[in-house]
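Notes for the one structure printed next.
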Amino acid sequence: MRPGRWRGRDVISILDFTRDDLEELFDVAARMKEMLQRGHVPRLLEGRIVALAFFEPSTRTRLSFETAAKRLGAQTLGFAGEEATSLAKGENLADTIRMLDGYADAIVIRHKYEGSALYAAEVAEKPVINAGDGKQHHPTQAMLDLYTVKELFGTIDGLVYGVLGDLRFGRAASSFILALTLYRPRKLYLISPPLLRARPEVRARLEEAGIDYEEVSKLDDVLGELDVLYVTRIQRERFPDPREYEKVRGSYRVTRELLEKCAKPELRVLHPLPRVDEIAANVDSSRYAAYFLQARNGVPVRMALLSLILGAEV
Amino acid sequence: MAPSEGLLVRRIREGTVIDHIPAGRALAVLRILGITGREGLRVAVVMNVESRRLGRKDIVKVEGRHLSSEEVNRIALIAPSATINIVKDYRVIEKKRVKLPSVIEGIIACTNPTCITRKPGEPLRPRFKIVAERPLQLQCTYCSTIIDEKDVLEQLEEAGEERR
């Protein structure tokens with residue numbers, strides 16, 4: 001492997017990376033996870049500062065970035081949600097990013113506008129990591145999703161995937177689908193109400209990559225074939241028209257009964273979280289649930305990412 | 001009907017003639033070039049005249065200005081059949097076809113209302129890469145939204161409405 005090919009890079013879309021890049025990331029993440037379990041993590045990022053610019057609310061992503069940075073000895077600064085609005089006082093995004101660029105060694109950004117992270121990366125000299133830009137990309141989520149699949153199955157290729165839910169407004173779902181185009185899934189089912197189908201540019205990428213995919217409306221029809229079921233929440237906050245949301249609200253639900261009746265025993269259920277009601281609580285204690293493992297993997301994967309980008313490899 | 005535009009508009013001494021524009025799109029071509037009429041240039045717009053190649057066509061003549069390849073190539077967005085004649089002393093000294101550049105910056109706005117290029121107050125120009133030429137497909141560099149010729153024409157027409 002080429003040394004240092006991650007160093008100083010922006011992370012805007014999962015498609016900015018190759019399979020080899022991701023393999024390297026997963027290797028480092030596995031070592032990070034092992035060190036976390038042993039309770040001994042070298043302070044590779046001592047003296048570094050990571051800016052967390054969350055213009056949109058976040059729990060998991062923000063806290064796992066913060067945990068990842070602090071575990072490695074870095075310090076964090078930043079703001080979240082409402083605080084960001086008052087901080088900006090009408091300041092434009094470019095100026096806020098320029099300020100953070102002057103203070104920190106890397107900038108993690110979440111913003112409601114699609115393309116905001118790319119724009120921030122054009123403005124900043126320091127590496128910019130996209131933690132969600134509107135409905136478009138959430139590359140670090142896709143990284144930890146793939147890492148989790150690899151951990152569970154030993155491979156990402158050759159599996160049958162179902163991505164269920166809001167494929168139109170959900171950035172985690174979109175990024176996971178795009179990420180699969182870097183691999184060779186045996187089959188990919190895009191399962192959603194017709195109103196929430198994947199966006200044209202995402203489908204164009206699937207075509208271009210020659211992925212065998214199919215758009216279906218009902219989970220029951222394909223559940224028996226799946227190795228991985230990736231469930232997502234309906235992104236209520238991104239619907240331009242609340243009436244459209246009402247039409248699709250509660251249109252799918254994964255329950256333990258359904259899984260026990262239709263799914264293969266090897267099936268694993270992922271979810272980027274938070275969930276509303278799309279996965280019943282009784283699935284949590286079943287063999288199928290992998291979403292809490294997935295959420296925990298956010299920390300070692302983001303530790304690996306920060307250490308590679310800031311050039312402090314294990 | 002007159003076989004040529006010669007009866008409508010005289011030849012120009014110096015400048016650029018954009019020929020073989022699909023009928024009805026001459027005004028959109030002017031908008032792409034940023035020519036409003038307020039620059040003081042002598043401009044002739046000929047619309048819906050007979051053309052052997054296109055059936056009917058539009059022609060734009062701009063006197064006193066030699067348009068650069070960069071300016072002219074943007075026309076290919078809506079008039080890929082256009083030909084450019086550079087005129088000096090009443091003679092065509094250069095003839096070229098338009099060629100769509102790989103990136104279009106600043107002319108067209110993204111149709112996605114939550115694209116960062118639509119956020120007020122940011123010093124940012126919309127940018128598209130060409131995905132396909134015929135039929136035309138452009139993809140926003142920032143939000144990945146794909147737009148087509150219809151979106152492009154609609155915007156150029158709306159821009160005309162606003163100016164009036």
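Letters for chains follow the order of the structure tokens (A, B, ...), residue numbers begin at 1 for each chain, and ligand numbers begin at 1 in the order shown.
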In segment 28-161 of chain B, DSSP alpha helix (DSSP H) residues written as a PDB file with all heavy atoms, in the first residue's frame:
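The resulting file, result-v2.pdb, is shown below:
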ATOM      1  N   ALA B  28     -32.254  33.166 -26.361  1.00  0.00           N
ATOM      2  CA  ALA B  28     -31.573  32.399 -25.314  1.00  0.00           C
ATOM      3  C   ALA B  28     -30.062  32.414 -25.552  1.00  0.00           C
ATOM      4  O   ALA B  28     -29.272  32.478 -24.607  1.00  0.00           O
ATOM      5  CB  ALA B  28     -32.106  30.976 -25.281  1.00  0.00           C
ATOM      6  N   VAL B  29     -29.661  32.381 -26.818  1.00  0.00           N
ATOM      7  CA  VAL B  29     -28.227  32.455 -27.139  1.00  0.00           C
ATOM      8  C   VAL B  29     -27.652  33.787 -26.655  1.00  0.00           C
ATOM      9  O   VAL B  29     -26.590  33.839 -26.047  1.00  0.00           O
ATOM     10  CB  VAL B  29     -27.998  32.260 -28.658  1.00  0.00           C
ATOM     11  CG1 VAL B  29     -26.608  32.716 -29.076  1.00  0.00           C
ATOM     12  CG2 VAL B  29     -28.218  30.804 -29.046  1.00  0.00           C
ATOM     13  N   LEU B  30     -28.391  34.861 -26.911  1.00  0.00           N
ATOM     14  CA  LEU B  30     -27.921  36.180 -26.456  1.00  0.00           C
ATOM     15  C   LEU B  30     -27.776  36.206 -24.932  1.00  0.00           C
ATOM     16  O   LEU B  30     -26.845  36.793 -24.394  1.00  0.00           O
ATOM     17  CB  LEU B  30     -28.885  37.275 -26.906  1.00  0.00           C
ATOM     18  CG  LEU B  30     -28.825  37.629 -28.399  1.00  0.00           C
ATOM     19  CD1 LEU B  30     -29.920  38.619 -28.756  1.00  0.00           C
ATOM     20  CD2 LEU B  30     -27.452  38.215 -28.767  1.00  0.00           C
ATOM     21  N   ARG B  31     -28.716  35.555 -24.258  1.00  0.00           N
ATOM     22  CA  ARG B  31     -28.646  35.542 -22.791  1.00  0.00           C
ATOM     23  C   ARG B  31     -27.429  34.768 -22.304  1.00  0.00           C
ATOM     24  O   ARG B  31     -26.774  35.156 -21.346  1.00  0.00           O
ATOM     25  CB  ARG B  31     -29.920  34.951 -22.198  1.00  0.00           C
ATOM     26  CG  ARG B  31     -30.942  36.032 -22.007  1.00  0.00           C
ATOM     27  CD  ARG B  31     -32.289  35.497 -21.544  1.00  0.00           C
ATOM     28  NE  ARG B  31     -33.303  36.287 -22.213  1.00  0.00           N
ATOM     29  CZ  ARG B  31     -34.240  35.806 -23.004  1.00  0.00           C
ATOM     30  NH1 ARG B  31     -34.336  34.510 -23.196  1.00  0.00           N
ATOM     31  NH2 ARG B  31     -35.085  36.604 -23.581  1.00  0.00           N
ATOM     32  N   ILE B  32     -27.129  33.667 -22.955  1.00  0.00           N
ATOM     33  CA  ILE B  32     -25.926  32.905 -22.582  1.00  0.00           C
ATOM     34  C   ILE B  32     -24.683  33.768 -22.776  1.00  0.00           C
ATOM     35  O   ILE B  32     -23.753  33.746 -21.979  1.00  0.00           O
ATOM     36  CB  ILE B  32     -25.822  31.601 -23.414  1.00  0.00           C
ATOM     37  CG1 ILE B  32     -26.849  30.597 -22.910  1.00  0.00           C
ATOM     38  CG2 ILE B  32     -24.414  31.029 -23.339  1.00  0.00           C
ATOM     39  CD1 ILE B  32     -26.698  29.218 -23.484  1.00  0.00           C
ATOM     40  N   LEU B  33     -24.684  34.564 -23.848  1.00  0.00           N
ATOM     41  CA  LEU B  33     -23.521  35.415 -24.119  1.00  0.00           C
ATOM     42  C   LEU B  33     -23.504  36.654 -23.226  1.00  0.00           C
ATOM     43  O   LEU B  33     -22.531  37.399 -23.212  1.00  0.00           O
ATOM     44  CB  LEU B  33     -23.520  35.838 -25.593  1.00  0.00           C
ATOM     45  CG  LEU B  33     -23.329  34.702 -26.593  1.00  0.00           C
ATOM     46  CD1 LEU B  33     -23.532  35.208 -28.007  1.00  0.00           C
ATOM     47  CD2 LEU B  33     -21.937  34.074 -26.444  1.00  0.00           C
ATOM     48  N   SER B  69     -13.598  31.698 -28.051  1.00  0.00           N
ATOM     49  CA  SER B  69     -14.076  30.313 -28.116  1.00  0.00           C
ATOM     50  C   SER B  69     -14.793  29.936 -26.831  1.00  0.00           C
ATOM     51  O   SER B  69     -15.816  29.243 -26.846  1.00  0.00           O
ATOM     52  CB  SER B  69     -12.905  29.347 -28.304  1.00  0.00           C
ATOM     53  OG  SER B  69     -12.226  29.672 -29.470  1.00  0.00           O
ATOM     54  N   GLU B  70     -14.251  30.409 -25.721  1.00  0.00           N
ATOM     55  CA  GLU B  70     -14.831  30.071 -24.425  1.00  0.00           C
ATOM     56  C   GLU B  70     -16.278  30.580 -24.319  1.00  0.00           C
ATOM     57  O   GLU B  70     -17.177  29.867 -23.916  1.00  0.00           O
ATOM     58  CB  GLU B  70     -13.972  30.676 -23.318  1.00  0.00           C
ATOM     59  CG  GLU B  70     -14.106  29.953 -22.006  1.00  0.00           C
ATOM     60  CD  GLU B  70     -13.459  30.740 -20.878  1.00  0.00           C
ATOM     61  OE1 GLU B  70     -12.811  31.777 -21.133  1.00  0.00           O
ATOM     62  OE2 GLU B  70     -13.631  30.309 -19.733  1.00  0.00           O
ATOM     63  N   GLU B  71     -16.466  31.832 -24.751  1.00  0.00           N
ATOM     64  CA  GLU B  71     -17.804  32.415 -24.713  1.00  0.00           C
ATOM     65  C   GLU B  71     -18.754  31.646 -25.612  1.00  0.00           C
ATOM     66  O   GLU B  71     -19.889  31.335 -25.247  1.00  0.00           O
ATOM     67  CB  GLU B  71     -17.745  33.868 -25.235  1.00  0.00           C
ATOM     68  CG  GLU B  71     -17.258  34.892 -24.251  1.00  0.00           C
ATOM     69  CD  GLU B  71     -17.195  36.280 -24.908  1.00  0.00           C
ATOM     70  OE1 GLU B  71     -16.346  36.481 -25.812  1.00  0.00           O
ATOM     71  OE2 GLU B  71     -18.000  37.123 -24.515  1.00  0.00           O
ATOM     72  N   VAL B  72     -18.253  31.370 -26.794  1.00  0.00           N
ATOM     73  CA  VAL B  72     -19.078  30.796 -27.832  1.00  0.00           C
ATOM     74  C   VAL B  72     -19.444  29.339 -27.542  1.00  0.00           C
ATOM     75  O   VAL B  72     -20.545  28.892 -27.816  1.00  0.00           O
ATOM     76  CB  VAL B  72     -18.305  30.963 -29.161  1.00  0.00           C
ATOM     77  CG1 VAL B  72     -18.614  29.857 -30.110  1.00  0.00           C
ATOM     78  CG2 VAL B  72     -18.582  32.320 -29.765  1.00  0.00           C
ATOM     79  N   ASN B  73     -18.527  28.620 -26.919  1.00  0.00           N
ATOM     80  CA  ASN B  73     -18.775  27.203 -26.672  1.00  0.00           C
ATOM     81  C   ASN B  73     -19.942  26.956 -25.719  1.00  0.00           C
ATOM     82  O   ASN B  73     -20.590  25.924 -25.779  1.00  0.00           O
ATOM     83  CB  ASN B  73     -17.513  26.527 -26.146  1.00  0.00           C
ATOM     84  CG  ASN B  73     -16.567  26.195 -27.283  1.00  0.00           C
ATOM     85  OD1 ASN B  73     -16.998  26.073 -28.424  1.00  0.00           O
ATOM     86  ND2 ASN B  73     -15.296  26.058 -26.976  1.00  0.00           N
ATOM     87  N   GLU B 149     -32.024  19.651 -20.843  1.00  0.00           N
ATOM     88  CA  GLU B 149     -32.138  20.810 -21.734  1.00  0.00           C
ATOM     89  C   GLU B 149     -33.367  21.656 -21.408  1.00  0.00           C
ATOM     90  O   GLU B 149     -33.331  22.884 -21.477  1.00  0.00           O
ATOM     91  CB  GLU B 149     -32.200  20.333 -23.181  1.00  0.00           C
ATOM     92  CG  GLU B 149     -32.062  21.457 -24.181  1.00  0.00           C
ATOM     93  CD  GLU B 149     -32.250  20.986 -25.612  1.00  0.00           C
ATOM     94  OE1 GLU B 149     -33.211  20.248 -25.892  1.00  0.00           O
ATOM     95  OE2 GLU B 149     -31.423  21.369 -26.462  1.00  0.00           O
ATOM     96  N   LYS B 150     -34.441  20.984 -21.029  1.00  0.00           N
ATOM     97  CA  LYS B 150     -35.682  21.692 -20.713  1.00  0.00           C
ATOM     98  C   LYS B 150     -35.456  22.661 -19.537  1.00  0.00           C
ATOM     99  O   LYS B 150     -35.881  23.807 -19.584  1.00  0.00           O
ATOM    100  CB  LYS B 150     -36.760  20.652 -20.359  1.00  0.00           C
ATOM    101  CG  LYS B 150     -38.162  21.202 -20.295  1.00  0.00           C
ATOM    102  CD  LYS B 150     -39.168  20.066 -20.114  1.00  0.00           C
ATOM    103  CE  LYS B 150     -40.120  20.313 -18.968  1.00  0.00           C
ATOM    104  NZ  LYS B 150     -39.652  19.960 -17.626  1.00  0.00           N
ATOM    105  N   ASP B 151     -34.770  22.187 -18.496  1.00  0.00           N
ATOM    106  CA  ASP B 151     -34.469  23.055 -17.343  1.00  0.00           C
ATOM    107  C   ASP B 151     -33.625  24.254 -17.767  1.00  0.00           C
ATOM    108  O   ASP B 151     -33.844  25.374 -17.318  1.00  0.00           O
ATOM    109  CB  ASP B 151     -33.693  22.271 -16.264  1.00  0.00           C
ATOM    110  CG  ASP B 151     -34.490  21.104 -15.707  1.00  0.00           C
ATOM    111  OD1 ASP B 151     -35.675  21.294 -15.415  1.00  0.00           O
ATOM    112  OD2 ASP B 151     -33.927  19.998 -15.575  1.00  0.00           O
ATOM    113  N   VAL B 152     -32.634  23.982 -18.642  1.00  0.00           N
ATOM    114  CA  VAL B 152     -31.727  25.047 -19.074  1.00  0.00           C
ATOM    115  C   VAL B 152     -32.506  26.107 -19.857  1.00  0.00           C
ATOM    116  O   VAL B 152     -32.401  27.304 -19.591  1.00  0.00           O
ATOM    117  CB  VAL B 152     -30.586  24.458 -19.945  1.00  0.00           C
ATOM    118  CG1 VAL B 152     -29.748  25.573 -20.561  1.00  0.00           C
ATOM    119  CG2 VAL B 152     -29.706  23.535 -19.113  1.00  0.00           C
ATOM    120  N   LEU B 153     -33.326  25.651 -20.811  1.00  0.00           N
ATOM    121  CA  LEU B 153     -34.101  26.598 -21.625  1.00  0.00           C
ATOM    122  C   LEU B 153     -35.081  27.389 -20.780  1.00  0.00           C
ATOM    123  O   LEU B 153     -35.219  28.600 -20.930  1.00  0.00           O
ATOM    124  CB  LEU B 153     -34.861  25.848 -22.719  1.00  0.00           C
ATOM    125  CG  LEU B 153     -34.050  25.535 -23.975  1.00  0.00           C
ATOM    126  CD1 LEU B 153     -34.834  24.594 -24.883  1.00  0.00           C
ATOM    127  CD2 LEU B 153     -33.684  26.809 -24.730  1.00  0.00           C
ATOM    128  N   GLU B 154     -35.754  26.693 -19.854  1.00  0.00           N
ATOM    129  CA  GLU B 154     -36.717  27.370 -18.974  1.00  0.00           C
ATOM    130  C   GLU B 154     -36.048  28.513 -18.227  1.00  0.00           C
ATOM    131  O   GLU B 154     -36.579  29.610 -18.129  1.00  0.00           O
ATOM    132  CB  GLU B 154     -37.291  26.377 -17.958  1.00  0.00           C
ATOM    133  CG  GLU B 154     -38.668  25.868 -18.348  1.00  0.00           C
ATOM    134  CD  GLU B 154     -39.110  24.725 -17.459  1.00  0.00           C
ATOM    135  OE1 GLU B 154     -38.641  24.631 -16.305  1.00  0.00           O
ATOM    136  OE2 GLU B 154     -39.915  23.906 -17.939  1.00  0.00           O
ATOM    137  N   GLN B 155     -34.855  28.220 -17.705  1.00  0.00           N
ATOM    138  CA  GLN B 155     -34.157  29.261 -16.938  1.00  0.00           C
ATOM    139  C   GLN B 155     -33.761  30.438 -17.788  1.00  0.00           C
ATOM    140  O   GLN B 155     -33.892  31.587 -17.378  1.00  0.00           O
ATOM    141  CB  GLN B 155     -32.884  28.681 -16.326  1.00  0.00           C
ATOM    142  CG  GLN B 155     -33.156  27.897 -15.093  1.00  0.00           C
ATOM    143  CD  GLN B 155     -31.861  27.588 -14.375  1.00  0.00           C
ATOM    144  OE1 GLN B 155     -30.896  28.359 -14.402  1.00  0.00           O
ATOM    145  NE2 GLN B 155     -31.813  26.457 -13.718  1.00  0.00           N
ATOM    146  N   LEU B 156     -33.285  30.161 -18.993  1.00  0.00           N
ATOM    147  CA  LEU B 156     -32.857  31.265 -19.855  1.00  0.00           C
ATOM    148  C   LEU B 156     -34.057  32.095 -20.272  1.00  0.00           C
ATOM    149  O   LEU B 156     -33.978  33.311 -20.393  1.00  0.00           O
ATOM    150  CB  LEU B 156     -32.118  30.713 -21.075  1.00  0.00           C
ATOM    151  CG  LEU B 156     -30.763  30.079 -20.753  1.00  0.00           C
ATOM    152  CD1 LEU B 156     -30.230  29.317 -21.947  1.00  0.00           C
ATOM    153  CD2 LEU B 156     -29.754  31.128 -20.308  1.00  0.00           C
ATOM    154  N   GLU B 157     -35.209  31.442 -20.459  1.00  0.00           N
ATOM    155  CA  GLU B 157     -36.420  32.184 -20.809  1.00  0.00           C
ATOM    156  C   GLU B 157     -36.913  33.011 -19.627  1.00  0.00           C
ATOM    157  O   GLU B 157     -37.289  34.162 -19.781  1.00  0.00           O
ATOM    158  CB  GLU B 157     -37.514  31.233 -21.306  1.00  0.00           C
ATOM    159  CG  GLU B 157     -37.329  30.938 -22.785  1.00  0.00           C
ATOM    160  CD  GLU B 157     -37.902  29.604 -23.209  1.00  0.00           C
ATOM    161  OE1 GLU B 157     -38.788  29.081 -22.514  1.00  0.00           O
ATOM    162  OE2 GLU B 157     -37.448  29.077 -24.242  1.00  0.00           O
ATOM    163  N   GLU B 158     -36.874  32.413 -18.440  1.00  0.00           N
ATOM    164  CA  GLU B 158     -37.284  33.154 -17.239  1.00  0.00           C
ATOM    165  C   GLU B 158     -36.407  34.377 -17.021  1.00  0.00           C
ATOM    166  O   GLU B 158     -36.889  35.446 -16.678  1.00  0.00           O
ATOM    167  CB  GLU B 158     -37.193  32.267 -15.991  1.00  0.00           C
ATOM    168  CG  GLU B 158     -38.460  31.468 -15.748  1.00  0.00           C
ATOM    169  CD  GLU B 158     -38.239  30.371 -14.724  1.00  0.00           C
ATOM    170  OE1 GLU B 158     -37.346  30.529 -13.873  1.00  0.00           O
ATOM    171  OE2 GLU B 158     -38.941  29.357 -14.804  1.00  0.00           O
ATOM    172  N   ALA B 159     -35.099  34.202 -17.262  1.00  0.00           N
ATOM    173  CA  ALA B 159     -34.167  35.317 -17.083  1.00  0.00           C
ATOM    174  C   ALA B 159     -34.580  36.467 -17.989  1.00  0.00           C
ATOM    175  O   ALA B 159     -34.501  37.635 -17.619  1.00  0.00           O
ATOM    176  CB  ALA B 159     -32.747  34.878 -17.397  1.00  0.00           C
ATOM    177  N   GLY B 160     -35.064  36.142 -19.197  1.00  0.00           N
ATOM    178  CA  GLY B 160     -35.535  37.155 -20.128  1.00  0.00           C
ATOM    179  C   GLY B 160     -36.781  37.854 -19.598  1.00  0.00           C
ATOM    180  O   GLY B 160     -36.895  39.072 -19.651  1.00  0.00           O
ATOM    181  N   GLU B 161     -37.696  37.051 -19.029  1.00  0.00           N
ATOM    182  CA  GLU B 161     -38.934  37.605 -18.470  1.00  0.00           C
ATOM    183  C   GLU B 161     -38.608  38.640 -17.391  1.00  0.00           C
ATOM    184  O   GLU B 161     -39.185  39.709 -17.350  1.00  0.00           O
ATOM    185  CB  GLU B 161     -39.785  36.502 -17.821  1.00  0.00           C
ATOM    186  CG  GLU B 161     -40.274  35.431 -18.761  1.00  0.00           C
ATOM    187  CD  GLU B 161     -41.329  35.951 -19.727  1.00  0.00           C
ATOM    188  OE1 GLU B 161     -42.134  36.788 -19.302  1.00  0.00           O
ATOM    189  OE2 GLU B 161     -41.310  35.521 -20.894  1.00  0.00           O
TER     190      GLU B 161
END
Counting only C-alpha atoms, what is within 12 Å of Leu152 of chain A, bar same-chain residues fewer than 6 positions away, as a compact mmCIF listing (two decimals) with C-alpha atoms, in the first residue's frame?
# COMPACT_ATOMS: atom_id res chain seq x y z
CA ASP A 145 -21.57 0.50 7.78
CA LEU A 146 -19.25 -1.35 5.42
CA LEU A 159 -23.95 -10.72 -0.40
CA ASP A 227 -28.08 -11.29 3.94
CA VAL A 228 -28.09 -7.64 5.00
CA GLU A 266 -27.86 -15.41 8.85
CA LEU A 267 -29.65 -12.15 8.04
CA ARG A 268 -28.35 -9.11 9.92
CA VAL A 269 -30.27 -5.85 10.31
CA LEU A 270 -28.42 -2.55 10.20
CA ARG A 287 -30.00 -12.71 16.53
CA TYR A 288 -30.76 -10.37 13.65
CA ALA A 289 -30.03 -7.04 15.34
CA ALA A 290 -26.64 -5.58 14.44
CA TYR A 291 -27.42 -1.87 14.70
CA LEU A 293 -22.75 -3.01 17.16
CA GLN A 294 -22.83 -0.77 14.09
CA ASN A 297 -18.16 0.86 15.44
So that I can see what lies close to segment 51-58 of chain B, please list as number ranges by chain the residues with an atom at most 10 Å from it, counting only C-alpha atoms and leaving out residues fewer than 3 positions away in the same chain. B: 3-5, 18-27, 29, 45-48, 81-82
Please produce, as JSON lines, a per-residue contact table for chain B versus chain A (criterion: any atom at most 8 Å away, only C-alpha atoms considered), showing the nearest atom pair and its distance in Å to one decimal, sorted by chain then residue number.
{"residue": "B:Thr114", "atom": "CA", "partner": "A:Tyr113", "partner_atom": "CA", "distance": 5.2}
{"residue": "B:Cys115", "atom": "CA", "partner": "A:Glu114", "partner_atom": "CA", "distance": 4.8}
{"residue": "B:Ile116", "atom": "CA", "partner": "A:Tyr113", "partner_atom": "CA", "distance": 5.1}
{"residue": "B:Thr117", "atom": "CA", "partner": "A:Gly115", "partner_atom": "CA", "distance": 7.9}
{"residue": "B:Lys119", "atom": "CA", "partner": "A:Tyr113", "partner_atom": "CA", "distance": 7.8}
{"residue": "B:Gly121", "atom": "CA", "partner": "A:Asn92", "partner_atom": "CA", "distance": 6.1}
{"residue": "B:Glu122", "atom": "CA", "partner": "A:Asn92", "partner_atom": "CA", "distance": 6.0}
{"residue": "B:Pro123", "atom": "CA", "partner": "A:Ala94", "partner_atom": "CA", "distance": 7.7}
{"residue": "B:Thr141", "atom": "CA", "partner": "A:Gly115", "partner_atom": "CA", "distance": 7.9}
{"residue": "B:Tyr142", "atom": "CA", "partner": "A:Gly115", "partner_atom": "CA", "distance": 4.1}
{"residue": "B:Cys143", "atom": "CA", "partner": "A:Gly115", "partner_atom": "CA", "distance": 4.8}
{"residue": "B:Ser144", "atom": "CA", "partner": "A:Glu201", "partner_atom": "CA", "distance": 6.5}
{"residue": "B:Thr145", "atom": "CA", "partner": "A:Glu201", "partner_atom": "CA", "distance": 6.6}
{"residue": "B:Ile146", "atom": "CA", "partner": "A:Glu201", "partner_atom": "CA", "distance": 6.5}
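Counting only C-alpha atoms, the residue from A:Thr155, A:Val41, A:Ala280, A:Glu56 that sits nearest to Lys70 of chain A is A:Val41.
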Extract, using only C-alpha atoms, all DNA, RNA and protein residues at most 7 Å from Gly81 of chain A, discarding same-chain residues fewer than 4 positions from it, and format them as number ranges by chain. A: 54-57
Restrict the selected residues to N, CA and C atoms and save them as a compact mmCIF listing (two decimals), in the first residue's frame.
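As written to disk, selection.txt reads:
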# COMPACT_ATOMS: atom_id res chain seq x y z
N PHE A 54 -21.29 21.52 13.66
CA PHE A 54 -22.58 20.86 13.40
C PHE A 54 -23.69 21.90 13.31
N PHE A 55 -23.96 22.32 12.08
CA PHE A 55 -25.02 23.31 11.83
C PHE A 55 -26.39 22.66 11.91
N GLU A 56 -26.41 21.32 11.89
CA GLU A 56 -27.66 20.57 12.01
C GLU A 56 -27.53 19.67 13.21
N PRO A 57 -28.66 19.34 13.86
CA PRO A 57 -28.56 18.51 15.06
C PRO A 57 -27.94 17.14 14.77
Could you pull out the residues in segment 91-277 of chain A that DSSP calls strand (DSSP E) from the backbone, as a short mmCIF file (atom, residue, chain, number, x, y, z; two decimals) with C-alpha atoms, in the first residue's frame?
data_model
loop_
_atom_site.label_atom_id
_atom_site.label_comp_id
_atom_site.auth_asym_id
_atom_site.auth_seq_id
_atom_site.Cartn_x
_atom_site.Cartn_y
_atom_site.Cartn_z
CA ALA A 106 -9.30 19.35 10.63
CA ILE A 107 -12.92 20.39 10.25
CA VAL A 108 -15.88 18.04 10.60
CA ILE A 109 -19.02 19.64 9.16
CA ARG A 110 -22.72 18.85 9.07
CA HIS A 111 -25.04 21.25 7.25
CA VAL A 128 -12.76 18.81 5.70
CA ILE A 129 -14.79 15.77 6.71
CA ASN A 130 -18.43 15.64 5.65
CA ALA A 131 -20.64 14.49 8.53
CA GLY A 132 -23.79 14.91 6.44
CA ASP A 133 -24.72 17.51 3.79
CA VAL A 160 -27.58 -9.89 -1.09
CA TYR A 161 -28.47 -6.45 0.27
CA GLY A 162 -31.79 -4.78 0.91
CA VAL A 163 -31.92 -1.06 1.66
CA LEU A 164 -35.29 -0.20 3.14
CA LYS A 187 -27.88 -8.37 -5.64
CA LEU A 188 -29.21 -5.10 -4.27
CA TYR A 189 -32.87 -4.49 -3.52
CA LEU A 190 -34.00 -0.89 -3.07
CA ILE A 191 -37.15 -1.25 -0.98
CA TYR A 213 -30.34 -3.94 -8.49
CA GLU A 214 -34.10 -3.87 -8.34
CA GLU A 215 -36.58 -1.36 -6.95
CA VAL A 216 -39.39 -3.00 -5.00
CA VAL A 228 -28.09 -7.64 5.00
CA LEU A 229 -31.17 -5.50 5.62
CA TYR A 230 -30.30 -1.81 5.97
CA VAL A 231 -33.27 0.01 7.50
CA ARG A 268 -28.35 -9.11 9.92
CA VAL A 269 -30.27 -5.85 10.31
CA LEU A 270 -28.42 -2.55 10.20
#
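Interatomic distance, atom CA of Gly73 of chain A to atom CA of Ala312 of chain A: 11.5 Å.
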Can you pull out the residues contacting Ala51 of chain A? Cut-off 9 Å, using only C-alpha atoms, and skip same-chain residues under 5 positions away; I want them as number ranges by chain. A: 75-79, 100-101, 103-109
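Excluding Leu138 of chain B and any residue on its chain fewer than 4 positions from it, the residues at most 10 Å away by only C-alpha atoms are Leu77, Ser102, Val103, Ile104, Ile108, Cys110, Arg127, Phe128, Lys129, Ile130, Val131, Ala132, Glu133, Ser144, Thr145, Ile146, Ile147, Asp148, Glu149, Asp151 and Val152 of chain B.
By only C-alpha atoms, and with residues fewer than 2 positions from Ser192 of chain A along its chain excluded, the set lying at most 6 Å from it is Leu164, Gly165, Leu196, Arg197 and Ser217 of chain A.
In terms of minimum interatomic distance to Asp89 of chain B, B:Glu63 ranks closest within B:Glu50, B:Glu63, B:Glu39, B:Glu105, counting only C-alpha atoms.
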Would you mind reading off the distance between atom CA of Ile14 of chain A and atom CA of Ile234 of chain A, one decimal, in Å? 21.8 Å
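Here the question is which of A:Ala142, A:Ala68, A:Val123, A:Met99 gets nearest to Leu306 of chain A using only C-alpha atoms, and that residue is A:Ala68.
Using only C-alpha atoms, the nearest neighbour of Phe292 of chain A within the list A:Leu144, A:Leu178, A:Leu206, A:Val222 is A:Leu144.
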Distance in Å - atom CA of Leu223 of chain A versus atom CA of Phe239 of chain A: 27.5 Å
